[in-house]
file structure29.cif (mmCIF, C-alpha atoms)
data_start
#
loop_
_atom_site.group_PDB
_atom_site.id
_atom_site.type_symbol
_atom_site.label_atom_id
_atom_site.label_comp_id
_atom_site.auth_asym_id
_atom_site.auth_seq_id
_atom_site.Cartn_x
_atom_site.Cartn_y
_atom_site.Cartn_z
ATOM 1 C CA MET A 1402 6.465 7.129 -19.467
ATOM 2 C CA MET A 1403 6.394 3.490 -18.448
ATOM 3 C CA THR A 1404 10.001 3.586 -17.223
ATOM 4 C CA GLY A 1405 9.201 6.571 -15.028
ATOM 5 C CA TYR A 1406 6.042 4.936 -13.742
ATOM 6 C CA LEU A 1407 7.750 1.617 -13.006
ATOM 7 C CA THR A 1408 10.556 3.421 -11.167
ATOM 8 C CA ALA A 1409 7.978 5.188 -9.001
ATOM 9 C CA LEU A 1410 6.148 1.909 -8.349
ATOM 10 C CA VAL A 1411 9.348 0.047 -7.426
ATOM 11 C CA ILE A 1412 10.415 2.851 -5.045
ATOM 12 C CA THR A 1413 6.961 2.835 -3.460
ATOM 13 C CA LEU A 1414 6.961 -0.941 -2.991
ATOM 14 C CA ALA A 1415 10.552 -0.966 -1.725
ATOM 15 C CA ILE A 1416 9.581 1.514 0.987
ATOM 16 C CA GLU A 1417 6.094 0.331 1.907
ATOM 17 C CA ILE A 1418 6.546 -3.456 2.007
ATOM 18 C CA PRO A 1419 9.271 -3.460 4.726
ATOM 19 C CA ILE A 1420 7.292 -0.969 6.830
ATOM 20 C CA VAL A 1421 4.101 -3.016 6.678
ATOM 21 C CA ALA A 1422 6.032 -6.221 7.381
ATOM 22 C CA LEU A 1423 7.746 -4.519 10.323
ATOM 23 C CA VAL A 1424 4.471 -3.362 11.850
ATOM 24 C CA PHE A 1425 2.776 -6.767 11.548
ATOM 25 C CA LYS A 1426 5.012 -8.859 13.758
ATOM 26 C CA GLY A 1427 4.350 -12.596 13.454
ATOM 27 C CA GLN A 1428 2.684 -12.407 10.037
ATOM 28 C CA ARG A 1429 5.299 -10.546 8.097
ATOM 29 C CA ALA A 1430 5.313 -12.646 4.912
ATOM 30 C CA ARG A 1431 1.526 -12.602 4.479
ATOM 31 C CA MET A 1432 1.213 -8.892 5.160
ATOM 32 C CA ALA A 1433 4.142 -8.134 2.852
ATOM 33 C CA LEU A 1434 2.273 -9.963 0.099
ATOM 34 C CA CYS A 1435 -0.920 -8.033 0.954
ATOM 35 C CA CYS A 1436 1.066 -4.798 0.770
ATOM 36 C CA LEU A 1437 2.489 -5.785 -2.619
ATOM 37 C CA VAL A 1438 -0.984 -6.420 -4.053
ATOM 38 C CA ALA A 1439 -2.781 -3.487 -2.386
ATOM 39 C CA THR A 1440 -0.076 -0.929 -3.097
ATOM 40 C CA THR A 1441 0.269 -1.990 -6.724
ATOM 41 C CA ALA A 1442 -3.500 -1.722 -7.181
ATOM 42 C CA THR A 1443 -3.806 1.717 -5.572
ATOM 43 C CA HIS A 1444 -0.698 2.944 -7.400
ATOM 44 C CA LEU A 1445 -2.082 1.850 -10.771
ATOM 45 C CA ALA A 1446 -5.459 3.418 -10.024
ATOM 46 C CA MET A 1447 -3.892 6.649 -8.841
ATOM 47 C CA HIS A 1448 -1.651 7.090 -11.852
ATOM 48 C CA PHE A 1449 -3.814 5.817 -14.675
ATOM 49 C CA LEU A 1450 -7.441 6.319 -13.615
ATOM 50 C CA LEU A 1451 -7.389 9.307 -11.285
ATOM 51 C CA PRO A 1452 -5.835 11.803 -13.752
ATOM 52 C CA ARG A 1453 -8.892 11.320 -15.965
ATOM 53 C CA VAL A 1454 -11.261 12.656 -13.323
ATOM 54 C CA VAL A 1455 -9.282 15.335 -11.459
ATOM 55 C CA SER A 1456 -8.626 18.853 -12.664
ATOM 56 C CA SER A 1457 -5.574 19.965 -10.736
ATOM 57 C CA TYR A 1458 -2.377 18.604 -9.231
ATOM 58 C CA GLN A 1459 -3.706 19.353 -5.754
ATOM 59 C CA GLN A 1460 -6.775 17.221 -6.335
ATOM 60 C CA PHE A 1461 -4.635 14.472 -7.810
ATOM 61 C CA ILE A 1462 -2.341 14.412 -4.763
ATOM 62 C CA LEU A 1463 -5.056 14.836 -2.154
ATOM 63 C CA VAL A 1464 -7.575 12.349 -3.498
ATOM 64 C CA GLY A 1465 -4.941 9.845 -4.592
ATOM 65 C CA GLU A 1466 -2.842 9.782 -1.435
ATOM 66 C CA LEU A 1467 -5.746 9.881 1.002
ATOM 67 C CA MET A 1468 -7.659 7.151 -0.827
ATOM 68 C CA ALA A 1469 -4.507 5.008 -0.980
ATOM 69 C CA THR A 1470 -4.047 5.302 2.800
ATOM 70 C CA ILE A 1471 -7.688 4.429 3.503
ATOM 71 C CA ILE A 1472 -7.942 1.542 1.019
ATOM 72 C CA GLU A 1473 -4.641 -0.009 2.072
ATOM 73 C CA ALA A 1474 -5.595 0.268 5.760
ATOM 74 C CA LEU A 1475 -8.839 -1.575 4.988
ATOM 75 C CA VAL A 1476 -6.955 -4.321 3.136
ATOM 76 C CA TYR A 1477 -4.439 -4.740 5.980
ATOM 77 C CA ALA A 1478 -7.182 -4.816 8.605
ATOM 78 C CA LEU A 1479 -9.192 -7.433 6.743
ATOM 79 C CA SER A 1480 -6.099 -9.543 6.006
ATOM 80 C CA SER A 1481 -4.523 -9.505 9.473
ATOM 81 C CA ARG A 1482 -5.045 -12.410 11.891
ATOM 82 C CA PRO A 1483 -6.491 -11.579 14.350
ATOM 83 C CA ARG A 1484 -8.138 -8.600 12.689
ATOM 84 C CA ASP A 1485 -6.243 -5.551 13.942
ATOM 85 C CA TRP A 1486 -7.662 -2.193 12.826
ATOM 86 C CA SER A 1487 -5.311 0.071 14.756
ATOM 87 C CA ARG A 1488 -2.206 -1.764 13.535
ATOM 88 C CA ALA A 1489 -3.565 -1.619 9.970
ATOM 89 C CA MET A 1490 -4.164 2.133 10.215
ATOM 90 C CA LEU A 1491 -0.695 2.648 11.637
ATOM 91 C CA ALA A 1492 0.950 0.501 8.945
ATOM 92 C CA SER A 1493 -0.881 2.168 6.080
ATOM 93 C CA ALA A 1494 -0.373 5.751 7.298
ATOM 94 C CA LEU A 1495 3.277 5.154 8.136
ATOM 95 C CA ALA A 1496 4.017 3.407 4.828
ATOM 96 C CA ASN A 1497 2.190 5.953 2.682
ATOM 97 C CA THR A 1498 3.657 8.961 4.476
ATOM 98 C CA THR A 1499 7.176 7.609 4.125
ATOM 99 C CA SER A 1500 6.793 6.732 0.453
ATOM 100 C CA TYR A 1501 5.162 10.105 -0.274
ATOM 101 C CA ALA A 1502 7.992 11.921 1.528
ATOM 102 C CA ALA A 1503 10.524 9.835 -0.418
ATOM 103 C CA GLY A 1504 8.747 10.810 -3.634
ATOM 104 C CA LEU A 1505 9.033 14.494 -2.746
ATOM 105 C CA ILE A 1506 12.717 14.109 -1.955
ATOM 106 C CA LEU A 1507 13.668 11.900 -4.903
ATOM 107 C CA ILE A 1508 11.359 13.163 -7.635
ATOM 108 C CA GLY A 1509 10.248 16.549 -6.303
ATOM 109 C CA MET B 539 9.634 0.005 17.937
ATOM 110 C CA LYS B 540 8.190 3.041 19.785
ATOM 111 C CA ALA B 541 11.361 5.042 19.126
ATOM 112 C CA TYR B 542 11.079 4.163 15.459
ATOM 113 C CA TYR B 543 7.545 5.581 15.328
ATOM 114 C CA LEU B 544 8.584 8.753 17.122
ATOM 115 C CA ILE B 545 11.489 9.369 14.727
ATOM 116 C CA GLU B 546 9.228 8.681 11.763
ATOM 117 C CA MET B 547 6.509 11.031 13.013
ATOM 118 C CA GLY B 548 9.043 13.772 13.678
ATOM 119 C CA PHE B 549 10.373 13.346 10.170
ATOM 120 C CA VAL B 550 6.976 13.575 8.509
ATOM 121 C CA ALA B 551 6.010 16.594 10.626
ATOM 122 C CA LEU B 552 9.111 18.366 9.353
ATOM 123 C CA MET B 553 8.312 17.323 5.805
ATOM 124 C CA ALA B 554 4.849 18.839 6.119
ATOM 125 C CA TYR B 555 6.437 22.257 6.567
ATOM 126 C CA ALA B 556 9.001 21.699 3.813
ATOM 127 C CA ALA B 557 6.475 20.495 1.239
ATOM 128 C CA PRO B 558 6.190 22.491 -1.984
ATOM 129 C CA SER B 559 3.059 24.424 -2.782
ATOM 130 C CA SER B 560 1.315 25.678 -5.878
ATOM 131 C CA ALA B 561 -2.257 26.233 -6.901
ATOM 132 C CA ASN B 562 -4.225 26.195 -10.093
ATOM 133 C CA CYS B 563 -7.919 26.488 -9.673
ATOM 134 C CA ALA B 564 -9.089 26.160 -13.260
ATOM 135 C CA MET B 565 -11.412 23.284 -14.013
ATOM 136 C CA GLY B 566 -11.530 21.449 -17.303
ATOM 137 C CA PRO B 567 -8.392 20.961 -19.413
ATOM 138 C CA THR B 568 -5.742 23.176 -17.903
ATOM 139 C CA TYR B 569 -1.994 23.564 -17.521
ATOM 140 C CA ASP B 570 -0.316 23.399 -14.143
ATOM 141 C CA ILE B 571 3.311 24.497 -14.444
ATOM 142 C CA ASN B 572 6.011 24.444 -11.796
ATOM 143 C CA VAL B 573 9.622 25.571 -12.103
ATOM 144 C CA ARG B 574 12.527 24.253 -10.096
ATOM 145 C CA ASP B 575 15.924 25.680 -11.053
ATOM 146 C CA ASN B 576 16.141 25.009 -14.816
ATOM 147 C CA THR B 577 13.521 22.275 -14.899
ATOM 148 C CA VAL B 578 9.954 23.053 -15.829
ATOM 149 C CA MET B 579 7.258 20.503 -14.994
ATOM 150 C CA ILE B 580 4.173 20.837 -17.165
ATOM 151 C CA CYS B 581 1.117 18.921 -16.020
ATOM 152 C CA ALA B 582 -2.116 18.906 -17.980
ATOM 153 C CA TYR B 583 -5.305 17.770 -16.297
ATOM 154 C CA GLY B 584 -8.565 16.608 -17.779
ATOM 155 C CA GLU B 585 -6.613 15.611 -20.882
ATOM 156 C CA GLY B 586 -3.058 16.023 -22.096
ATOM 157 C CA MET B 587 -1.334 13.498 -19.844
ATOM 158 C CA CYS B 588 2.253 12.750 -20.846
ATOM 159 C CA PRO B 589 2.832 11.396 -23.460
ATOM 160 C CA TYR B 590 -0.041 13.158 -25.224
ATOM 161 C CA THR B 591 -1.066 12.710 -28.841
ATOM 162 C CA SER B 592 -0.176 16.318 -29.667
ATOM 163 C CA ALA B 593 3.298 17.860 -29.494
ATOM 164 C CA LEU B 594 4.017 20.133 -26.534
ATOM 165 C CA LEU B 595 5.482 23.479 -27.599
ATOM 166 C CA ARG B 596 7.626 25.951 -25.688
ATOM 167 C CA GLN B 597 7.603 29.542 -26.907
ATOM 168 C CA ASN B 598 9.962 32.202 -25.645
ATOM 169 C CA VAL B 599 7.677 35.171 -24.959
ATOM 170 C CA LYS B 600 10.378 37.759 -25.667
ATOM 171 C CA THR B 601 11.864 36.349 -28.885
ATOM 172 C CA GLY B 602 8.951 34.266 -30.154
ATOM 173 C CA GLU B 603 11.328 31.340 -30.748
ATOM 174 C CA THR B 604 9.389 28.083 -30.485
ATOM 175 C CA VAL B 605 10.599 24.539 -29.901
ATOM 176 C CA GLU B 606 8.823 21.206 -29.728
ATOM 177 C CA LEU B 607 9.548 19.036 -26.690
ATOM 178 C CA HIS B 608 10.287 15.356 -27.068
ATOM 179 C CA ALA B 609 7.959 13.757 -24.532
ATOM 180 C CA PHE B 610 10.016 13.179 -21.388
ATOM 181 C CA CYS B 611 7.554 12.199 -18.716
ATOM 182 C CA ALA B 612 7.571 12.263 -14.939
ATOM 183 C CA GLU B 613 4.490 10.163 -14.296
ATOM 184 C CA ILE B 614 1.684 12.121 -15.985
ATOM 185 C CA CYS B 615 3.635 15.368 -16.409
ATOM 186 C CA TYR B 616 6.124 16.617 -18.984
ATOM 187 C CA LEU B 617 9.591 17.608 -17.843
ATOM 188 C CA ASP B 618 11.535 20.270 -19.728
ATOM 189 C CA GLU B 619 15.095 20.257 -18.435
ATOM 190 C CA CYS B 620 17.957 22.726 -18.807
ATOM 191 C CA VAL B 621 15.705 25.566 -19.885
ATOM 192 C CA PRO B 622 17.630 28.834 -20.385
ATOM 193 C CA PRO B 623 16.504 31.855 -18.356
ATOM 194 C CA GLY B 624 13.439 33.569 -19.775
ATOM 195 C CA THR B 625 9.662 33.648 -19.801
ATOM 196 C CA TYR B 626 7.977 30.854 -21.714
ATOM 197 C CA ARG B 627 4.592 29.682 -22.860
ATOM 198 C CA TYR B 628 3.931 25.950 -22.866
ATOM 199 C CA GLY B 629 1.006 24.641 -24.875
ATOM 200 C CA PHE B 630 0.031 21.787 -27.135
ATOM 201 C CA ALA B 631 0.263 22.214 -30.899
ATOM 202 C CA GLN B 632 -3.306 20.910 -31.033
ATOM 203 C CA PRO B 633 -5.055 23.033 -28.387
ATOM 204 C CA PHE B 634 -7.653 21.668 -26.007
ATOM 205 C CA ASP B 635 -11.244 21.773 -27.211
ATOM 206 C CA CYS B 636 -13.333 24.408 -25.488
ATOM 207 C CA HIS B 637 -15.095 22.994 -22.427
ATOM 208 C CA PRO B 638 -18.065 25.344 -22.071
ATOM 209 C CA GLY B 639 -19.336 23.442 -19.010
ATOM 210 C CA ALA B 640 -16.139 23.972 -17.030
ATOM 211 C CA CYS B 641 -16.036 26.476 -14.200
ATOM 212 C CA GLY B 642 -12.868 28.077 -15.515
ATOM 213 C CA PRO B 643 -11.246 28.972 -18.822
ATOM 214 C CA THR B 644 -9.784 26.515 -21.300
ATOM 215 C CA GLU B 645 -6.224 27.664 -21.903
ATOM 216 C CA PHE B 646 -4.022 27.685 -24.984
ATOM 217 C CA TYR B 647 -0.913 27.611 -22.817
ATOM 218 C CA GLY B 648 0.553 27.971 -19.374
ATOM 219 C CA GLU B 649 3.396 30.336 -18.541
ATOM 220 C CA ALA B 650 6.657 29.725 -16.737
ATOM 221 C CA GLU B 651 9.523 31.970 -15.762
ATOM 222 C CA VAL B 652 13.023 30.547 -15.457
ATOM 223 C CA ASP B 653 15.700 32.691 -13.867
ATOM 224 C CA GLN B 654 18.516 30.223 -13.180
ATOM 225 C CA ASP B 655 21.578 29.985 -15.403
ATOM 226 C CA SER B 656 21.515 26.723 -17.386
ATOM 227 C CA THR B 657 25.053 26.571 -18.804
ATOM 228 C CA SER B 658 26.236 23.669 -16.623
ATOM 229 C CA CYS B 659 22.942 21.787 -16.845
ATOM 230 C CA GLU B 660 22.752 18.290 -18.363
ATOM 231 C CA LEU B 661 19.678 16.469 -19.601
ATOM 232 C CA SER B 662 18.652 13.304 -17.783
ATOM 233 C CA GLU B 663 19.187 9.966 -19.451
ATOM 234 C CA GLY B 664 16.383 9.321 -21.932
ATOM 235 C CA ASN B 665 15.541 12.993 -22.376
ATOM 236 C CA GLN B 666 15.941 13.856 -26.050
ATOM 237 C CA GLY B 667 15.435 17.576 -25.440
ATOM 238 C CA THR B 668 13.769 19.800 -28.000
ATOM 239 C CA VAL B 669 13.637 20.440 -31.749
ATOM 240 C CA ALA B 670 12.883 23.703 -33.520
ATOM 241 C CA TYR B 671 9.223 24.264 -34.408
ATOM 242 C CA GLU B 672 8.734 26.206 -37.605
ATOM 243 C CA LEU B 673 4.921 26.448 -37.790
ATOM 244 C CA ASP B 674 2.786 29.079 -36.106
ATOM 245 C CA VAL B 675 1.758 28.463 -32.519
ATOM 246 C CA PRO B 676 -2.016 27.971 -32.149
ATOM 247 C CA TRP B 677 -2.302 30.962 -29.813
ATOM 248 C CA LYS B 678 -0.724 33.297 -32.384
ATOM 249 C CA ASP B 679 -3.926 35.349 -32.835
ATOM 250 C CA SER B 680 -5.167 35.073 -29.250
ATOM 251 C CA SER B 681 -5.027 38.202 -27.133
ATOM 252 C CA ASP B 682 -5.772 36.521 -23.796
ATOM 253 C CA GLY B 683 -4.298 33.014 -24.271
ATOM 254 C CA LEU B 684 -7.687 31.397 -23.804
ATOM 255 C CA VAL B 685 -9.524 28.976 -26.075
ATOM 256 C CA CYS B 686 -12.698 30.070 -24.288
ATOM 257 C CA ASP B 687 -13.828 31.300 -20.904
ATOM 258 C CA PRO B 688 -17.279 30.379 -19.595
ATOM 259 C CA GLY B 689 -16.588 32.877 -16.808
ATOM 260 C CA THR B 690 -18.423 31.070 -14.045
ATOM 261 C CA GLY B 691 -15.626 31.194 -11.479
ATOM 262 C CA CYS B 692 -13.938 28.300 -9.763
ATOM 263 C CA VAL B 693 -13.061 26.896 -6.411
ATOM 264 C CA HIS B 694 -9.499 27.387 -5.210
ATOM 265 C CA ALA B 695 -7.609 24.260 -4.280
ATOM 266 C CA GLY B 696 -4.869 24.601 -1.694
ATOM 267 C CA SER B 697 -1.532 22.838 -1.744
ATOM 268 C CA GLY B 698 -1.999 19.106 -1.317
ATOM 269 C CA ALA B 699 1.207 18.019 0.379
ATOM 270 C CA PRO B 700 0.684 19.396 3.919
ATOM 271 C CA THR B 701 -2.863 18.028 3.944
ATOM 272 C CA VAL B 702 -1.612 14.572 3.002
ATOM 273 C CA PHE B 703 0.972 14.649 5.785
ATOM 274 C CA PHE B 704 -1.393 15.974 8.425
ATOM 275 C CA PHE B 705 -4.067 13.447 7.459
ATOM 276 C CA ASN B 706 -1.602 10.567 7.711
ATOM 277 C CA ILE B 707 -0.122 11.867 10.958
ATOM 278 C CA GLY B 708 -3.673 12.096 12.316
ATOM 279 C CA ILE B 709 -4.295 8.473 11.348
ATOM 280 C CA MET B 710 -1.030 7.444 13.034
ATOM 281 C CA ILE B 711 -1.868 9.317 16.237
ATOM 282 C CA LEU B 712 -5.368 7.812 16.286
ATOM 283 C CA ALA B 713 -3.948 4.328 15.755
ATOM 284 C CA CYS B 714 -1.362 4.828 18.521
ATOM 285 C CA CYS B 715 -4.089 6.068 20.910
ATOM 286 C CA LEU B 716 -6.266 3.041 20.109
ATOM 287 C CA ARG B 717 -3.355 0.698 20.730
ATOM 288 C CA ALA B 718 -2.368 2.429 23.984
ATOM 289 C CA ARG B 719 -5.950 2.252 25.260
ATOM 290 C CA ARG B 720 -6.148 -1.434 24.399
ATOM 291 C CA HIS B 721 -2.873 -2.159 26.208
ATOM 292 C CA ARG B 722 -4.042 -0.334 29.344
ATOM 293 C CA ARG B 723 -7.076 -2.625 29.631
#
call {"tool": "encode", "arguments": {"input": "structure29.cif", "output": "structure tokens"}}
result
Amino acid sequence: MMTGYLTALVITLAIEIPIVALVFKGQRARMALCCLVATTATHLAMHFLLPRVVSSYQQFILVGELMATIIEALVYALSSRPRDWSRAMLASALANTTSYAAGLILIG
Amino acid sequence: MKAYYLIEMGFVALMAYAAPSSANCAMGPTYDINVRDNTVMICAYGEGMCPYTSALLRQNVKTGETVELHAFCAEICYLDECVPPGTYRYGFAQPFDCHPGACGPTEFYGEAEVDQDSTSCELSEGNQGTVAYELDVPWKDSSDGLVCDPGTGCVHAGSGAPTVFFFNIGIMILACCLRARRHRR
């Protein structure tokens, strides 16, 4: 299980970190680090806490993915200098959509 | 940068239409089973996340032949690869406890139908396949496959993937509009 989980986490980070860094021009290193921390946290929560409270795959996907987008956007907005909400929303939605699409393609 | 966003948004819009869909409305411990070619993905919610403490069994409905799956996990779900064509029941050797407060039945098993030929199929690395199971399946004497059924109905959940894409696309469009408005000022 852990190998499968770690593979999923590494794929997610490999996709999301460059996207977030790309969107936040001028503060790429800091925002990449923020993405690493935020994405790891939401990924862990989604895969190890969420399954205990949901009752279907649809709920798992919906609640997990939507919460990840919202939480990561909040983290990026609060970490960016100057604080940039629209860029944070764009970065989070773009990164999460791409990694979710990659998950569908690679894992199914 | 703008072209990159446009390509990305076009890609995710296409993905929204291509996303898979399935639904299982039961609340409480339940099986959610999806088949793709010869691979069966068995997800258990509420409890029973892979690897679970109890062995997962696969019973051929027609022949009654039962095997025990070595836990090969895809995140929280079990994967059963290279399954020969047939109709199967997947359930844990130790069934879920009855959840009388749930809005749907507690199931002994979930069913899957495989119709693809599996002769050229190979197991993924790390998948140890199955072993024969000689004991009786726990649903042997059950006529309806249910541990219990409180019979209070349940709320249908739609497929999650398109919603995720449309939500994220909505966020992207909103963010782009906010940025465009700010640049116009």
call {"tool": "closest_residue", "arguments": {"input": "structure29.cif", "among": "B:Leu684, B:Met587, B:Ala718, B:Ile580", "to": "B:Thr644", "atoms": "all atoms listed in the file"}}
result
B:Leu684
call {"tool": "resolve_selection", "arguments": {"input": "structure29.cif", "expression": "the PyMOL selection byres ((chain A and resi 1448) around 12)", "output": "MDAnalysis selection string"}}
result
(chainID A and resid 1402:1403 1405:1407 1409:1410 1440:1447 1449:1455 1458 1461:1462 1464:1466 1469) or (chainID B and resid 587:588 612:615)
call {"tool": "atom_distance", "arguments": {"input": "structure29.cif", "atom1": "atom CA of B:Glu649", "atom2": "atom CA of B:Gly629"}}
result
8.8 Å
call {"tool": "closest_residue", "arguments": {"input": "structure29.cif", "among": "B:Ala650, B:Cys715, B:Ile571, B:Met710", "to": "chain A", "atoms": "all atoms listed in the file"}}
result
B:Met710
call {"tool": "resolve_selection", "arguments": {"input": "structure29.cif", "expression": "the PyMOL selection byres ((chain B and resi 592-594) around 7)", "output": "list of chain:residue names"}}
result
B:Tyr590, B:Thr591, B:Leu595, B:Arg596, B:Glu606, B:Leu607, B:Tyr628, B:Gly629, B:Phe630, B:Ala631, B:Gln632
call {"tool": "atom_distance", "arguments": {"input": "structure29.cif", "atom1": "atom CA of A:Ala1433", "atom2": "atom CA of B:Thr701"}}
result
27.1 Å
call {"tool": "closest_residue", "arguments": {"input": "structure29.cif", "among": "B:Glu585, B:Thr601, B:Pro623, B:Arg720", "to": "B:Thr657", "atoms": "all atoms listed in the file"}}
result
B:Pro623
call {"tool": "atom_distance", "arguments": {"input": "structure29.cif", "atom1": "atom CA of B:Ile707", "atom2": "atom CA of A:Val1438"}}
result
23.7 Å
call {"tool": "closest_residue", "arguments": {"input": "structure29.cif", "among": "B:Gly683, B:Gly648, B:Pro622, B:Gly664", "to": "chain A", "atoms": "all atoms listed in the file"}}
result
B:Gly664
call {"tool": "closest_residue", "arguments": {"input": "structure29.cif", "among": "B:Gln666, B:Gly708, B:Thr568, B:Thr577", "to": "B:Glu619", "atoms": "all atoms listed in the file"}}
result
B:Thr577
call {"tool": "resolve_selection", "arguments": {"input": "structure29.cif", "expression": "the PyMOL selection byres ((chain A and resi 1492) around 8)", "output": "VMD selection string"}}
result
chain A and resid 1420 to 1421 1424 to 1425 1474 1488 to 1491 1493 to 1496
call {"tool": "write_last_selection", "arguments": {"input": "structure29.cif", "atoms": "C-alpha atoms", "output": "PDB file, in the frame of the given file"}}
result
ATOM      1  CA  ILE A1420       7.292  -0.969   6.830  1.00  0.00           C
ATOM      2  CA  VAL A1421       4.101  -3.016   6.678  1.00  0.00           C
ATOM      3  CA  VAL A1424       4.471  -3.362  11.850  1.00  0.00           C
ATOM      4  CA  PHE A1425       2.776  -6.767  11.548  1.00  0.00           C
ATOM      5  CA  ALA A1474      -5.595   0.268   5.760  1.00  0.00           C
ATOM      6  CA  ARG A1488      -2.206  -1.764  13.535  1.00  0.00           C
ATOM      7  CA  ALA A1489      -3.565  -1.619   9.970  1.00  0.00           C
ATOM      8  CA  MET A1490      -4.164   2.133  10.215  1.00  0.00           C
ATOM      9  CA  LEU A1491      -0.695   2.648  11.637  1.00  0.00           C
ATOM     10  CA  SER A1493      -0.881   2.168   6.080  1.00  0.00           C
ATOM     11  CA  ALA A1494      -0.373   5.751   7.298  1.00  0.00           C
ATOM     12  CA  LEU A1495       3.277   5.154   8.136  1.00  0.00           C
ATOM     13  CA  ALA A1496       4.017   3.407   4.828  1.00  0.00           C
TER      14      ALA A1496
END
call {"tool": "closest_residue", "arguments": {"input": "structure29.cif", "among": "B:Asp570, B:Asp618, B:Asn598, B:Asn576", "to": "B:Thr668", "atoms": "all atoms listed in the file"}}
result
B:Asp618
call {"tool": "residues_around", "arguments": {"input": "structure29.cif", "residues": "B:Val685", "least_positions_apart": "2", "cutoff": "10 Å", "atoms": "all atoms listed in the file", "output": "ChimeraX atom specification"}}
result
/B:633-637,643-647,676-677,680,682-683,687
call {"tool": "residues_around", "arguments": {"input": "structure29.cif", "residues": "A:Gln1428", "least_positions_apart": "6", "cutoff": "10 Å", "atoms": "all atoms listed in the file", "output": "VMD selection string"}}
result
chain A and resid 1422 1481 to 1482
call {"tool": "axis_aligned_box", "arguments": {"input": "structure29.cif", "around": "stretch 1483-1500 of chain A", "padding_each_side": "8 Å", "output": "AutoDock Vina command-line options"}}
result
--center_x -0.5 --center_y -1.3 --center_z 7.6 --size_x 31.3 --size_y 36.5 --size_z 30.3
